[in-house]
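What follows is a single structure, written as structure tokens, with notes after it.
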Amino acid sequence: MSELVEELRRAGVAEVDDSELRRTLYSSDASLYRVPPRAVVVPQHVDEVLATMEVCRSLGVPVTMRGAGTSIAGNAVGAGVVVDVSRHLNRVLDVDTEAGTALVEPGVVHAALQQQVQPSGWRFGPDPSTHNRATFGGMIGNNACGSRALAYGRTSDNVLGLDVVTARGERLTVGRLDGRTQATTASPTLDALRRVIDADLAVVRTEFGRFRRQVSGYSLEHLLPENGFDVARFLVGTEGTLALTLAARVRLVRDPTHRVLVVLGYPSMADAADAVPALLEHEPVACEGLDRRIVDVVRDRRGPSAVPDLPDGDGWLFVELAGDDPRALQDAARRVVGEAGALDARVVDHAGQAAALWRIREDGAGLSARTPAGEPAHSGWEDAAVPPDRLGDYLREFDDLMAGYGLDGLPYGHFGDGCVHIRIDFPFRSGTRVFRDFMLDAGRLAAAHGGSMSGEHGDGRARSELLPLMYSREAIALFGRVKTVLDPDNLLNPGVVVDPLPLDADVRVAHAPPYRQSLGLAYRHDRGDLSMAVHRCTGVGKCRADTTGTGGVMCPSYLATKDEKDTTRGRSRVLQDAVAGHLGPDPWRSEAVHDALDLCLSCKGCSSDCPTGVDMASYKAEYLHQRWRGRLRPRSHYALGWLPRWTRLVARVPGLTRLANLMMRVRLVHPLVTWAAGVDARRSLPTFAPHTFRQWFASREAPSRPARHGDVVLFVDTFTDAFSPDVGQAAVAVLEDAGYRVRVTSEPVCCGLTWVSTGQLDGARKQASATVQALLPHVRGGAAVLGLEPSCTGVLRSDVLELLPDDELAAAREVADATVTLAELLRRTPDWSPPDLGGERAVAQPHCHHHAVMGWQADAALLDEAGADVQRLGGCCGLAGNWGVERGHHETSVAVAETQLLPAVRELGDGGVVLADGFSCRTQLDDLASRQGVHLAQLLARHLSR
């Protein structure tokens, strides 16, 4: 244990960790940089923040505060102690509904405050894109804005008072912390700060506060005498370099009752920007810009339906108007269209249609991490801003600058504020020279247009070195004198704003060589490079958000534990360090990698929910493949990974099914069987069906009705065959009623799922190859392949394309393209309509792989058409195949089930149906709720005769 950790614990800091795992997890934020800290502190109350600061001051150790870790500029990484306030310092301490204010701790998530104050008609104004995980501490550090800052201002415009501590340990109250009275602490430190400002009033008055998005540097204009020496507003945006925030009093606003979106089309994005100054006279709530580049990427990667009709043009403005009088809004929208000088326009007052249009920008922002050519695109020059009347010219020159460097990216932004976002495909594999040269030239360009290096994300490590391009020597020196007053020993987030580190130091990707040797999966979307695959994670942290309320899945283990190691981002960071060689010569044996991946459920939620397409289930399979290849594996890998073999053996030997079921029901035998299988003793063991589905299918009479829609080949997975043949029987009844002739392969086949989930990728490849060859004649004969078990269907649709070699890829694609779910097949069947489900009330738990790979939209549409009253759940059931039954996972498995599934089932009561297509979901229901789940096929079959 280090002296630092000893001293922190002696000072009463309970959660302090300097392990390799924890240092790796916090070595990066959402920026380019990798800076491992000496230790990580997770304070349980503000006294521990004070104690941490005191210990670090005495030892001369730097301190960096961190909220959600979504800083794009490198504001939340540091080489000393990183203090994560998000886990415990997340209370809303007070809401004054009369005055419209709230007192929050720094770890409160923006969306959590919104949820608490919305019933009383209030909201916090600024709305950054990361609102469902961004913390107020981080928003205060960066002076966050968002797309509606035109109406609601920046965070600095909405902070009334702060409770802070300086590097010297002086606790200060600045501004109106109670929300009503000015009560700034009398302090020699603040007196010294006032003297520093008073000595350079001319510099402050001429260089600061020139336009709304001048975020770079320190916002010294708030300290002018005519602005009331407002220290609270000044500290917003100082990026944790001057004081540590312990609490903040923030202003709340009322939301208008009506909104109208005006979409304007122009020949180009720059032409759209030229129109902005005139449109601002109409006082829009938001004025966002984008062009065809981002629209085409959304259409290409999300499908044509992801892009609603847009007005003619190649560049667009989204102008949002808001108010309480809908007629006045329509009049205002007509005036905007009339004065916009656009090629074409569309006025949208339907909330759903407007949301679909806004989603183009939101999805495009996530997808911008890859260029249209598939190159990784990086932050760095991410959010520069210029005065809006200079924006069009700036964009034209910026495009020329990009072209001169041979770089590409997808620009978009808050055009009403002159702020432009872009991620750029810097060639880091060949070093940082191009990055550095471009950043300097881009900084000169922005400064030439009177702009700011940052418009909302702060300077951090990426842009602090550029500040002399936009500020005079006198202003830069003034930053240093202000820093000396509040942080004389340079302990708070050193290297940011004052005495900056080189912007190309510690760039993570530049030190990440390719990793292609002896891989178990193909990584075809990442050029066969595992390093490129795991570096898909840019750290934006959507995996920390609870999106289950809107059907999201990622990341179920984090929702249960609230530990960064259990986020998709945390796991990606550890894998990035592993393949880069930072975790030793054999990274697959690293305990840090094991600990990070152990609670990954392989749910695949991230593969669809993560904006950058991280597929942690595949990376975990690769890890298990690498770690255990050629070695004796855990018992569960043989018992559960080879489950299809055991079920076939049981089915082939007469009497063995009955004997196996009998043995598993004997109380004294159960602990022995579970131990031998590596299964938690608290878990039940599945019961084999007396007759498999294949045995039933072979013995039944051929249907008499004609098959007017031809053949469908039923993929008979292990779970349906051995444990739930009634699901298969129901599916046959539904399919034949719909006009299909049902076929099965002549021999049993397996997709290889259980081999994949236990990392036995060579075995999975053999299984998948045999399955593709068995299904291929049916597919080429025109039959669809119908999967009933969602996880197996997902393997056929997706994983086989990564498992099989190049010479089998074409066949695998044919099978993947022909594979459908029951709802997909029925929805596209001519003259088929669902039975009436009007009397059914159901809770639906879509299997995670169903959500991630196939999507549940067809199921939702079918159930809606049938008239069922269905509550769709997000999240995971918590069993996730073999994961939830393995020893060491039971508590987390139950906790995951408690996030959505179990509360919904309890609320449903006995009268409703729990719809669960996944065998593991139905098993979890039976184990934890004593409730029988129903497959969609069974639900439909019940109503066929009605």
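FYI, nothing fancy with the structure tokens labels: chains A, B, ... in order, residues from 1 per chain, ligands from 1 as they appear.
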Shell around A:His943 at 8 Å using only C-alpha atoms, local window under 4 positions removed, as a tab-separated table (two decimals) with N, CA, C and O atoms, in the first residue's frame:
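Writing done, so here's part.tsv:
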chain	number	residue	atom	x	y	z
A	835	PRO	N	-54.33	-12.99	-34.66
A	835	PRO	CA	-55.57	-13.23	-33.90
A	835	PRO	C	-55.82	-12.07	-32.95
A	835	PRO	O	-54.92	-11.29	-32.63
A	836	ASP	N	-57.04	-11.96	-32.51
A	836	ASP	CA	-57.43	-10.87	-31.62
A	836	ASP	C	-56.87	-11.11	-30.22
A	836	ASP	O	-57.22	-12.08	-29.56
A	837	LEU	N	-55.99	-10.22	-29.78
A	837	LEU	CA	-55.42	-10.31	-28.44
A	837	LEU	C	-55.94	-9.18	-27.55
A	837	LEU	O	-55.30	-8.79	-26.58
A	939	LEU	N	-48.41	-17.51	-27.23
A	939	LEU	CA	-49.49	-16.54	-27.07
A	939	LEU	C	-50.38	-16.52	-28.31
A	939	LEU	O	-51.62	-16.53	-28.21
Could you list, as a compact mmCIF listing (two decimals) with C-alpha atoms, in the first residue's frame, every residue within 12 Å of A:Phe229, counting only C-alpha atoms and ignoring same-chain residues fewer than 2 positions away?
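This went into around_38.txt:
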# COMPACT_ATOMS: atom_id res chain seq x y z
CA VAL A 174 -19.81 32.35 -3.14
CA GLY A 175 -22.99 33.86 -4.53
CA GLN A 182 -25.92 37.18 -1.57
CA THR A 184 -20.14 35.38 -0.33
CA LEU A 190 -11.19 36.63 -2.60
CA ASP A 191 -9.78 40.02 -1.61
CA LEU A 193 -8.51 37.93 -6.43
CA ARG A 194 -10.31 41.28 -6.57
CA ARG A 195 -6.99 43.12 -6.47
CA VAL A 196 -5.64 41.05 -9.37
CA ILE A 197 -8.67 41.89 -11.51
CA ASP A 198 -8.72 45.56 -10.54
CA LEU A 201 -9.52 46.00 -15.87
CA SER A 219 -14.40 33.95 -17.95
CA LEU A 220 -12.93 36.93 -16.12
CA GLU A 221 -15.70 39.28 -17.26
CA HIS A 222 -17.83 38.05 -14.35
CA LEU A 223 -15.31 39.57 -11.92
CA LEU A 224 -15.63 43.11 -13.31
CA PRO A 225 -17.00 45.66 -10.82
CA GLU A 226 -19.90 46.44 -13.15
CA ASN A 227 -20.81 42.73 -13.09
CA VAL A 231 -17.26 34.70 -8.19
CA ALA A 232 -19.85 31.93 -8.54
CA ARG A 233 -20.39 32.59 -12.25
CA PHE A 234 -16.64 33.10 -12.75
CA LEU A 235 -15.79 29.69 -11.29
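Near A:Ser518, within a cut-off of 12 Å and counting only C-alpha atoms, sit the residues Tyr515, Arg516, Gly520, Leu521, Ala522, Gly528, Asp529, Leu530, Glu622, Tyr623, His625, Gln626, Arg629, Leu761 and Asp762 of chain A, with same-chain residues fewer than 2 positions away left out.
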Selected residues written out with N, CA and C atoms, as a PDB file, in the first residue's frame:
ATOM      1  N   TYR A 515      -3.585  -5.086 -33.196  1.00  0.00           N
ATOM      2  CA  TYR A 515      -3.551  -6.388 -32.510  1.00  0.00           C
ATOM      3  C   TYR A 515      -4.336  -7.376 -33.369  1.00  0.00           C
ATOM      4  N   ARG A 516      -3.605  -8.172 -34.154  1.00  0.00           N
ATOM      5  CA  ARG A 516      -4.254  -9.067 -35.105  1.00  0.00           C
ATOM      6  C   ARG A 516      -3.835 -10.521 -34.934  1.00  0.00           C
ATOM      7  N   GLY A 520      -9.739 -15.069 -32.438  1.00  0.00           N
ATOM      8  CA  GLY A 520     -10.800 -16.039 -32.639  1.00  0.00           C
ATOM      9  C   GLY A 520     -11.927 -15.532 -33.502  1.00  0.00           C
ATOM     10  N   LEU A 521     -12.080 -14.211 -33.597  1.00  0.00           N
ATOM     11  CA  LEU A 521     -13.130 -13.598 -34.402  1.00  0.00           C
ATOM     12  C   LEU A 521     -12.499 -12.755 -35.503  1.00  0.00           C
ATOM     13  N   ALA A 522     -13.276 -12.443 -36.524  1.00  0.00           N
ATOM     14  CA  ALA A 522     -12.724 -11.803 -37.721  1.00  0.00           C
ATOM     15  C   ALA A 522     -12.622 -10.283 -37.595  1.00  0.00           C
ATOM     16  N   GLY A 528      -9.988  -6.473 -39.136  1.00  0.00           N
ATOM     17  CA  GLY A 528      -9.314  -7.600 -38.514  1.00  0.00           C
ATOM     18  C   GLY A 528      -8.444  -7.230 -37.334  1.00  0.00           C
ATOM     19  N   ASP A 529      -8.678  -6.073 -36.739  1.00  0.00           N
ATOM     20  CA  ASP A 529      -7.799  -5.532 -35.700  1.00  0.00           C
ATOM     21  C   ASP A 529      -8.585  -5.386 -34.394  1.00  0.00           C
ATOM     22  N   LEU A 530      -8.233  -6.188 -33.400  1.00  0.00           N
ATOM     23  CA  LEU A 530      -8.912  -6.107 -32.109  1.00  0.00           C
ATOM     24  C   LEU A 530      -8.676  -4.754 -31.452  1.00  0.00           C
ATOM     25  N   GLU A 622     -13.731 -13.232 -27.037  1.00  0.00           N
ATOM     26  CA  GLU A 622     -12.324 -13.246 -27.467  1.00  0.00           C
ATOM     27  C   GLU A 622     -11.396 -13.392 -26.271  1.00  0.00           C
ATOM     28  N   TYR A 623     -11.688 -12.643 -25.210  1.00  0.00           N
ATOM     29  CA  TYR A 623     -10.882 -12.731 -23.997  1.00  0.00           C
ATOM     30  C   TYR A 623     -10.881 -14.152 -23.429  1.00  0.00           C
ATOM     31  N   HIS A 625     -11.545 -16.881 -24.990  1.00  0.00           N
ATOM     32  CA  HIS A 625     -10.852 -17.717 -25.978  1.00  0.00           C
ATOM     33  C   HIS A 625      -9.346 -17.617 -25.777  1.00  0.00           C
ATOM     34  N   GLN A 626      -8.844 -16.416 -25.620  1.00  0.00           N
ATOM     35  CA  GLN A 626      -7.397 -16.221 -25.463  1.00  0.00           C
ATOM     36  C   GLN A 626      -6.908 -16.732 -24.110  1.00  0.00           C
ATOM     37  N   ARG A 629      -7.442 -20.866 -23.989  1.00  0.00           N
ATOM     38  CA  ARG A 629      -7.036 -21.711 -25.115  1.00  0.00           C
ATOM     39  C   ARG A 629      -5.836 -22.569 -24.716  1.00  0.00           C
ATOM     40  N   LEU A 761     -14.117 -20.573 -29.105  1.00  0.00           N
ATOM     41  CA  LEU A 761     -14.445 -20.079 -30.441  1.00  0.00           C
ATOM     42  C   LEU A 761     -14.087 -21.068 -31.542  1.00  0.00           C
ATOM     43  N   ASP A 762     -13.097 -21.902 -31.321  1.00  0.00           N
ATOM     44  CA  ASP A 762     -12.801 -22.927 -32.326  1.00  0.00           C
ATOM     45  C   ASP A 762     -13.956 -23.919 -32.417  1.00  0.00           C
TER      46      ASP A 762
END
Residues of stretch 344-380 of chain A in strand (DSSP E), written as a PyMOL selection string: chain A and resi 344-348
Compile the contact shell of stretch 767-775 of chain A as a PyMOL selection string: residues with an atom at most 8 Å away, counting only C-alpha atoms, same-chain residues fewer than 2 positions apart removed. chain A and resi 713+745+749-752+763-765+777-779+785+800+803-804+808+811-812+815
Mind dumping the selected residues with all heavy atoms as a tab-separated table (two decimals), in the first residue's frame?
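Result file part_2.tsv:
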chain	number	residue	atom	x	y	z
A	713	VAL	N	-37.98	-23.17	-42.94
A	713	VAL	CA	-37.21	-24.16	-42.20
A	713	VAL	C	-37.04	-23.66	-40.77
A	713	VAL	O	-36.56	-22.55	-40.53
A	713	VAL	CB	-35.84	-24.44	-42.87
A	713	VAL	CG1	-35.01	-23.18	-43.02
A	713	VAL	CG2	-35.06	-25.48	-42.07
A	745	THR	N	-34.06	-29.38	-40.39
A	745	THR	CA	-32.90	-30.03	-40.98
A	745	THR	C	-32.94	-31.52	-40.68
A	745	THR	O	-33.51	-31.96	-39.66
A	745	THR	CB	-31.60	-29.42	-40.44
A	745	THR	OG1	-31.61	-29.50	-39.00
A	745	THR	CG2	-31.46	-27.98	-40.87
A	749	VAL	N	-28.78	-29.62	-35.46
A	749	VAL	CA	-27.74	-28.61	-35.69
A	749	VAL	C	-27.69	-27.67	-34.49
A	749	VAL	O	-28.65	-27.59	-33.71
A	749	VAL	CB	-28.01	-27.79	-36.98
A	749	VAL	CG1	-27.78	-28.64	-38.21
A	749	VAL	CG2	-29.41	-27.20	-36.97
A	750	CYS	N	-26.58	-26.97	-34.37
A	750	CYS	CA	-26.39	-26.02	-33.25
A	750	CYS	C	-25.68	-24.80	-33.79
A	750	CYS	O	-24.74	-24.90	-34.57
A	750	CYS	CB	-25.58	-26.68	-32.14
A	750	CYS	SG	-25.16	-25.55	-30.79
A	751	CYS	N	-26.12	-23.63	-33.36
A	751	CYS	CA	-25.51	-22.39	-33.85
A	751	CYS	C	-24.15	-22.14	-33.22
A	751	CYS	O	-23.36	-21.34	-33.73
A	751	CYS	CB	-26.43	-21.21	-33.57
A	751	CYS	SG	-26.67	-20.88	-31.81
A	752	GLY	N	-23.88	-22.78	-32.07
A	752	GLY	CA	-22.61	-22.57	-31.38
A	752	GLY	C	-22.67	-21.54	-30.28
A	752	GLY	O	-21.63	-21.16	-29.72
A	763	GLY	N	-14.49	-24.31	-31.26
A	763	GLY	CA	-15.65	-25.20	-31.24
A	763	GLY	C	-16.88	-24.53	-31.82
A	763	GLY	O	-17.66	-25.14	-32.56
A	764	ALA	N	-17.05	-23.24	-31.51
A	764	ALA	CA	-18.19	-22.49	-32.06
A	764	ALA	C	-18.12	-22.43	-33.57
A	764	ALA	O	-19.13	-22.55	-34.27
A	764	ALA	CB	-18.21	-21.09	-31.47
A	765	ARG	N	-16.91	-22.27	-34.08
A	765	ARG	CA	-16.74	-22.18	-35.52
A	765	ARG	C	-17.16	-23.49	-36.21
A	765	ARG	O	-17.82	-23.48	-37.25
A	765	ARG	CB	-15.26	-21.87	-35.84
A	765	ARG	CG	-15.05	-21.27	-37.19
A	765	ARG	CD	-13.66	-20.70	-37.41
A	765	ARG	NE	-12.79	-20.66	-36.28
A	765	ARG	CZ	-12.67	-19.61	-35.46
A	765	ARG	NH1	-13.36	-18.53	-35.66
A	765	ARG	NH2	-11.84	-19.67	-34.43
A	777	PRO	N	-29.06	-25.47	-48.27
A	777	PRO	CA	-29.96	-25.98	-49.32
A	777	PRO	C	-31.39	-25.47	-49.18
A	777	PRO	O	-32.06	-25.18	-50.17
A	777	PRO	CB	-29.88	-27.50	-49.14
A	777	PRO	CG	-28.58	-27.73	-48.45
A	777	PRO	CD	-28.38	-26.55	-47.55
A	778	HIS	N	-31.87	-25.36	-47.94
A	778	HIS	CA	-33.22	-24.83	-47.72
A	778	HIS	C	-33.30	-23.37	-48.17
A	778	HIS	O	-34.27	-22.95	-48.81
A	778	HIS	CB	-33.58	-24.94	-46.24
A	778	HIS	CG	-33.66	-26.34	-45.72
A	778	HIS	ND1	-34.80	-27.11	-45.84
A	778	HIS	CD2	-32.75	-27.11	-45.09
A	778	HIS	CE1	-34.59	-28.29	-45.29
A	778	HIS	NE2	-33.33	-28.33	-44.83
A	779	VAL	N	-32.29	-22.59	-47.81
A	779	VAL	CA	-32.28	-21.17	-48.16
A	779	VAL	C	-32.25	-21.00	-49.67
A	779	VAL	O	-32.99	-20.19	-50.25
A	779	VAL	CB	-31.08	-20.47	-47.49
A	779	VAL	CG1	-30.93	-19.05	-48.02
A	779	VAL	CG2	-31.25	-20.46	-45.98
A	785	VAL	N	-35.37	-19.02	-42.85
A	785	VAL	CA	-34.94	-19.73	-41.66
A	785	VAL	C	-35.57	-19.03	-40.46
A	785	VAL	O	-35.34	-17.84	-40.24
A	785	VAL	CB	-33.41	-19.73	-41.52
A	785	VAL	CG1	-32.98	-20.42	-40.23
A	785	VAL	CG2	-32.75	-20.38	-42.72
A	800	VAL	N	-22.20	-15.59	-36.91
A	800	VAL	CA	-21.59	-16.49	-37.90
A	800	VAL	C	-20.72	-15.70	-38.87
A	800	VAL	O	-19.74	-16.22	-39.41
A	800	VAL	CB	-22.65	-17.30	-38.67
A	800	VAL	CG1	-23.37	-18.27	-37.76
A	800	VAL	CG2	-23.63	-16.39	-39.40
A	803	LEU	N	-17.45	-15.47	-37.10
A	803	LEU	CA	-16.82	-16.75	-36.77
A	803	LEU	C	-16.20	-17.44	-37.97
A	803	LEU	O	-15.11	-18.02	-37.88
A	803	LEU	CB	-17.86	-17.69	-36.14
A	803	LEU	CG	-18.19	-17.50	-34.67
A	803	LEU	CD1	-19.45	-18.28	-34.31
A	803	LEU	CD2	-17.01	-17.94	-33.78
A	804	LEU	N	-16.89	-17.42	-39.09
A	804	LEU	CA	-16.49	-18.26	-40.21
A	804	LEU	C	-15.42	-17.60	-41.07
A	804	LEU	O	-15.38	-16.37	-41.20
A	804	LEU	CB	-17.71	-18.62	-41.06
A	804	LEU	CG	-18.77	-19.45	-40.33
A	804	LEU	CD1	-19.88	-19.86	-41.27
A	804	LEU	CD2	-18.15	-20.68	-39.68
A	808	GLU	N	-16.04	-19.27	-46.36
A	808	GLU	CA	-17.40	-19.67	-45.99
A	808	GLU	C	-18.31	-18.47	-45.77
A	808	GLU	O	-19.47	-18.62	-45.41
A	808	GLU	CB	-17.37	-20.53	-44.72
A	808	GLU	CG	-16.62	-21.85	-44.86
A	808	GLU	CD	-16.70	-22.68	-43.59
A	808	GLU	OE1	-17.82	-22.85	-43.06
A	808	GLU	OE2	-15.64	-23.14	-43.12
A	811	ALA	N	-21.65	-18.05	-47.97
A	811	ALA	CA	-22.72	-18.94	-47.54
A	811	ALA	C	-23.33	-18.46	-46.23
A	811	ALA	O	-24.56	-18.49	-46.04
A	811	ALA	CB	-22.19	-20.36	-47.39
A	812	ALA	N	-22.47	-18.00	-45.32
A	812	ALA	CA	-22.97	-17.50	-44.04
A	812	ALA	C	-23.87	-16.29	-44.25
A	812	ALA	O	-24.90	-16.14	-43.57
A	812	ALA	CB	-21.80	-17.14	-43.13
A	815	VAL	N	-27.36	-17.36	-45.36
A	815	VAL	CA	-28.16	-17.86	-44.24
A	815	VAL	C	-28.57	-16.71	-43.32
A	815	VAL	O	-29.73	-16.62	-42.89
A	815	VAL	CB	-27.38	-18.93	-43.46
A	815	VAL	CG1	-28.11	-19.29	-42.15
A	815	VAL	CG2	-27.19	-20.17	-44.31
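Ranking A:Thr692, A:Arg527, A:Leu407, A:Gln845 by their shortest atom-to-atom distance to A:Arg652, with only C-alpha atoms included, puts A:Thr692 first.
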Counting only C-alpha atoms, which of A:Asp255, A:Asp717, A:Asp615, A:Asp437 gets nearest to A:Ser572? A:Asp615
Within stretch 101-240 of chain A, find each residue whose DSSP state, derived from the backbone, is helix (DSSP H, G or I), and express the selection as a VMD selection string. chain A and resid 110 to 120 136 to 142 149 to 152 155 to 158 188 to 198 201 to 207 220 to 223 225 to 227 231 to 235
Report as a PyMOL selection string all protein, DNA and RNA residues lying within 8 Å of A:Pro790, evaluated on only C-alpha atoms, omitting residues in the same chain fewer than 2 positions from it. chain A and resi 787-788+792-794+821+847+849-850+917-918
Shell of 6 Å around stretch 871-888 of chain A, only C-alpha atoms, local chain residues under 5 positions omitted, as a PyMOL selection string: chain A and resi 548+551-553+601+678-680+843-845+893+896-897+920-921+924
Grab the residues selected above and save them as a compact mmCIF listing (two decimals), in the first residue's frame with N, CA, C and O atoms.
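Saved as selection-v3.txt:
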# COMPACT_ATOMS: atom_id res chain seq x y z
N THR A 548 -33.39 2.21 -19.73
CA THR A 548 -34.35 1.11 -19.74
C THR A 548 -35.78 1.61 -19.90
O THR A 548 -36.64 0.90 -20.44
N GLY A 551 -36.63 1.40 -23.45
CA GLY A 551 -36.34 0.14 -24.11
C GLY A 551 -34.88 -0.19 -24.25
O GLY A 551 -34.51 -1.21 -24.84
N GLY A 552 -33.98 0.64 -23.71
CA GLY A 552 -32.55 0.37 -23.80
C GLY A 552 -32.14 -0.78 -22.91
O GLY A 552 -32.82 -1.13 -21.94
N VAL A 553 -30.98 -1.37 -23.21
CA VAL A 553 -30.46 -2.50 -22.44
C VAL A 553 -29.15 -2.15 -21.75
O VAL A 553 -28.94 -2.46 -20.59
N LEU A 601 -22.49 -9.46 -18.89
CA LEU A 601 -23.47 -10.50 -19.15
C LEU A 601 -23.45 -11.00 -20.59
O LEU A 601 -24.21 -11.90 -20.94
N GLY A 678 -20.21 -26.05 -12.01
CA GLY A 678 -19.81 -24.67 -11.80
C GLY A 678 -20.98 -23.73 -11.66
O GLY A 678 -20.89 -22.54 -11.96
N VAL A 679 -22.12 -24.27 -11.20
CA VAL A 679 -23.37 -23.51 -11.09
C VAL A 679 -23.62 -23.13 -9.64
O VAL A 679 -23.31 -23.90 -8.71
N ASP A 680 -24.16 -21.96 -9.39
CA ASP A 680 -24.52 -21.53 -8.05
C ASP A 680 -25.57 -22.47 -7.48
O ASP A 680 -26.57 -22.78 -8.15
N VAL A 843 -46.75 -8.00 -19.83
CA VAL A 843 -45.43 -7.39 -19.67
C VAL A 843 -44.50 -8.16 -20.59
O VAL A 843 -44.45 -9.39 -20.53
N ALA A 844 -43.79 -7.45 -21.46
CA ALA A 844 -42.88 -8.11 -22.40
C ALA A 844 -41.44 -7.83 -22.01
O ALA A 844 -41.05 -6.68 -21.82
N GLN A 845 -40.67 -8.90 -21.87
CA GLN A 845 -39.23 -8.80 -21.62
C GLN A 845 -38.50 -9.26 -22.88
O GLN A 845 -38.23 -10.45 -23.05
N SER A 893 -26.94 -11.03 -10.68
CA SER A 893 -28.04 -11.48 -11.54
C SER A 893 -29.39 -11.06 -10.97
O SER A 893 -30.26 -10.55 -11.69
N VAL A 896 -29.82 -7.25 -11.21
CA VAL A 896 -30.19 -6.83 -12.57
C VAL A 896 -31.68 -7.07 -12.80
O VAL A 896 -32.38 -6.23 -13.35
N ALA A 897 -32.17 -8.22 -12.36
CA ALA A 897 -33.60 -8.52 -12.53
C ALA A 897 -34.48 -7.52 -11.79
O ALA A 897 -35.60 -7.23 -12.21
N SER A 920 -33.62 -18.26 -21.31
CA SER A 920 -33.00 -17.77 -20.07
C SER A 920 -33.92 -16.80 -19.35
O SER A 920 -33.98 -16.80 -18.11
N CYS A 921 -34.66 -15.97 -20.09
CA CYS A 921 -35.61 -15.05 -19.45
C CYS A 921 -36.71 -15.82 -18.72
O CYS A 921 -37.10 -15.48 -17.60
N GLN A 924 -35.25 -17.35 -15.56
CA GLN A 924 -35.09 -16.35 -14.49
C GLN A 924 -36.43 -16.05 -13.84
O GLN A 924 -36.53 -15.94 -12.61
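Restricting the calculation to only C-alpha atoms, the smallest distance between A:Gln760 and any of A:Ser636, A:Ser86, A:Thr155, A:Thr70 is found for A:Ser636.
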Polymer residues at most 12 Å from A:Thr52, only C-alpha atoms, same-chain spacing of 6 or more positions, as a PyMOL selection string: chain A and resi 4-16+39-46+58-65+80-84+165-169+244
